[in-house]
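In what follows, a structure is listed as structure tokens, so that the remarks can point back to it.
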Amino acid sequence: MKDKQHYLVPVLAGGVLAAVLSAIPIVNYCNLIFCMWMLLGAGLAVKLVQDKTNTVDGKEGAMIGLLTGLVTGGLFAVLYLLMFLIFGAAMIPGAAAGEVEGALGGTVMMLVITVGSCFVALFAFGGFGALGGLLASMIFPPKNDDAGGGGGGGFAQAPSAPGFGQPPGGPGAPPAGGFGPPPGGPGAPPAGGFGQPPSGGGQPPGGGSPWGQ
Amino acid sequence: MRRVGVAGAIAAWFAVIAILAAAPVFAPDTALAIIARVVFSGLCHQIPERSFGHDGHLLAVCARCAGIYAGLALGPLLAIAHPLAPRRARWWVIGAVPMATQVLLAWIWPALDLGWLRALTGIWAGLFGGWLLASALSAPRETLDRAPASA
């Protein structure tokens, strides 16, 4: 779990998506197919993290899926608690008849069922989430970034401080600091004291970064 | 040693789920049975004709789901002896094909929609799911990074 800072939003998004889809009547029937919404939610979380970091392997995918499943299970736990608060009293045996002892026992029983359901939901959704995350890490593997050092899609490595990089024109080109004559000739006045990059060198990436690629 | 611990924990995790799914049979009319029915209603259709039972009490999940949970609980133990490369597509395909085939065949030929066959293909799929999950979580990171994404 080396890119934990990127987990929060994807895990929440995947967890909420899976919980919402699993809670909507009729739509939740898709969960009958190997807990499909949970797999999808975990897969979404892994895909989002993969897009950001490009380093998610099987282990990390499973962990992201597990966290997503725990979020879904947590949301279901909240749902169970709300159901208990809203409908619980009507379901407690003895409450309607006004029997205090029966109602007390019924309340304890309902609480046990609600809390137990919360824990079991965490277990079940967490397990399927881990599977979904692992499956997604197989479907969305990290892109091969061995071209990163050679350009063509890789990230340019910025130097630690300005002035140490290569100018766009290569080692022979004058650095952006006023050294060397501008391309117009030695007699031409430099614009603002800074040397121009040679015409063949192209523009530096990022619209004028002082260091090259 | 680490692999044994991780695989054991995953096996225990899914074993808890499998035992809970069976709670209505071994502990009927208890809070545990109600909890199982409530939670698994979101994960399984719980149709009585498609569920295993004993003495008039049915599992909280259907035959296929029961098989899947049993397989998920047993699969991680296989990872202790022989871990798989979890990002090789072939293992996922080998695990899923029998169940998918059974579902397809049962549509075409309903006589093949047998409870034991659903459970058996579910066990197979779950076995591979647990096996791959335990292999992924117990393997060192560099081993996984070297594994290619496809078969």
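Numbering starts fresh at 1 for the residues of each chain in the structure tokens, the chains themselves are lettered A, B, ... in the order given, and ligands are numbered from 1 as they appear.
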- Message: Give me, as a PyMOL selection string, all polymer residues having an atom no more than 8 Å from Gly116 in chain A, counting only C-alpha atoms and skipping those fewer than 4 positions away in the same chain.
- Response: (chain A and resi 112+120) or (chain B and resi 32+35)
Let me see the file: selected residues, C-alpha atoms, as a PDB file, in the first residue's frame.
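Okay, this is what ended up in again-v3.pdb:
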ATOM      1  CA  VAL A 112     -28.303  -7.994  18.694  1.00  0.00           C
ATOM      2  CA  VAL A 120     -21.644  -9.764   8.995  1.00  0.00           C
TER       3      VAL A 120
ATOM      4  CA  LEU B  32     -27.811 -15.775  14.369  1.00  0.00           C
ATOM      5  CA  ILE B  35     -28.852 -12.150  11.046  1.00  0.00           C
TER       6      ILE B  35
END
- DSSP helix (DSSP H, G or I) residues within chain B, as a PyMOL selection string: chain B and resi 2-21+23-26+31-40+48-50+63-81+89-108+110-112+115-138+141-146
- Message: Should the cut-off be 6 Å, what would the residue list for chain A against chain B look like, counting only C-alpha atoms, as a list in words?
- Response: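 Within 6 Å of chain B on chain A, we get Asn31, Leu32, Cys35, Gly58, Lys59, Ile113, Ser117 and Met138 of chain A.
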Could the residues in this selection be written to a file with C-alpha atoms, as a compact mmCIF listing (two decimals), in the first residue's frame?
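And here is the file that came out, out-v8.txt:
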# COMPACT_ATOMS: atom_id res chain seq x y z
CA ASN A 31 -25.72 -9.00 -6.69
CA LEU A 32 -27.03 -12.52 -7.14
CA CYS A 35 -22.06 -10.15 -5.77
CA GLY A 58 -2.57 -7.81 -7.30
CA LYS A 59 -1.88 -7.37 -3.61
CA ILE A 113 -29.69 -8.69 15.23
CA SER A 117 -25.98 -7.77 10.74
CA MET A 138 -5.69 -8.26 -13.36
- Residues within 8 Å of range 122-128 of chain A, only C-alpha atoms, excluding chain neighbours under 6 positions, as number ranges by chain: A: 35, 38-39, 65-70, 72-74, 77; B: 13-14, 17
- Message: Using DSSP secondary structure from the backbone, list all strand (DSSP E or B) positions within range 44-97 of chain B, as a PyMOL selection string.
- Response: chain B and resi 53-54+57-58
So that I have them on file, write out the residues from the current selection with C-alpha atoms, as a PDB file, in the first residue's frame.
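As written to disk, out.pdb reads:
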ATOM      1  CA  GLY B  53     -31.666 -27.715   3.839  1.00  0.00           C
ATOM      2  CA  HIS B  54     -31.895 -30.186   6.645  1.00  0.00           C
ATOM      3  CA  HIS B  57     -34.480 -25.673   7.815  1.00  0.00           C
ATOM      4  CA  LEU B  58     -32.808 -24.073   4.800  1.00  0.00           C
TER       5      LEU B  58
END
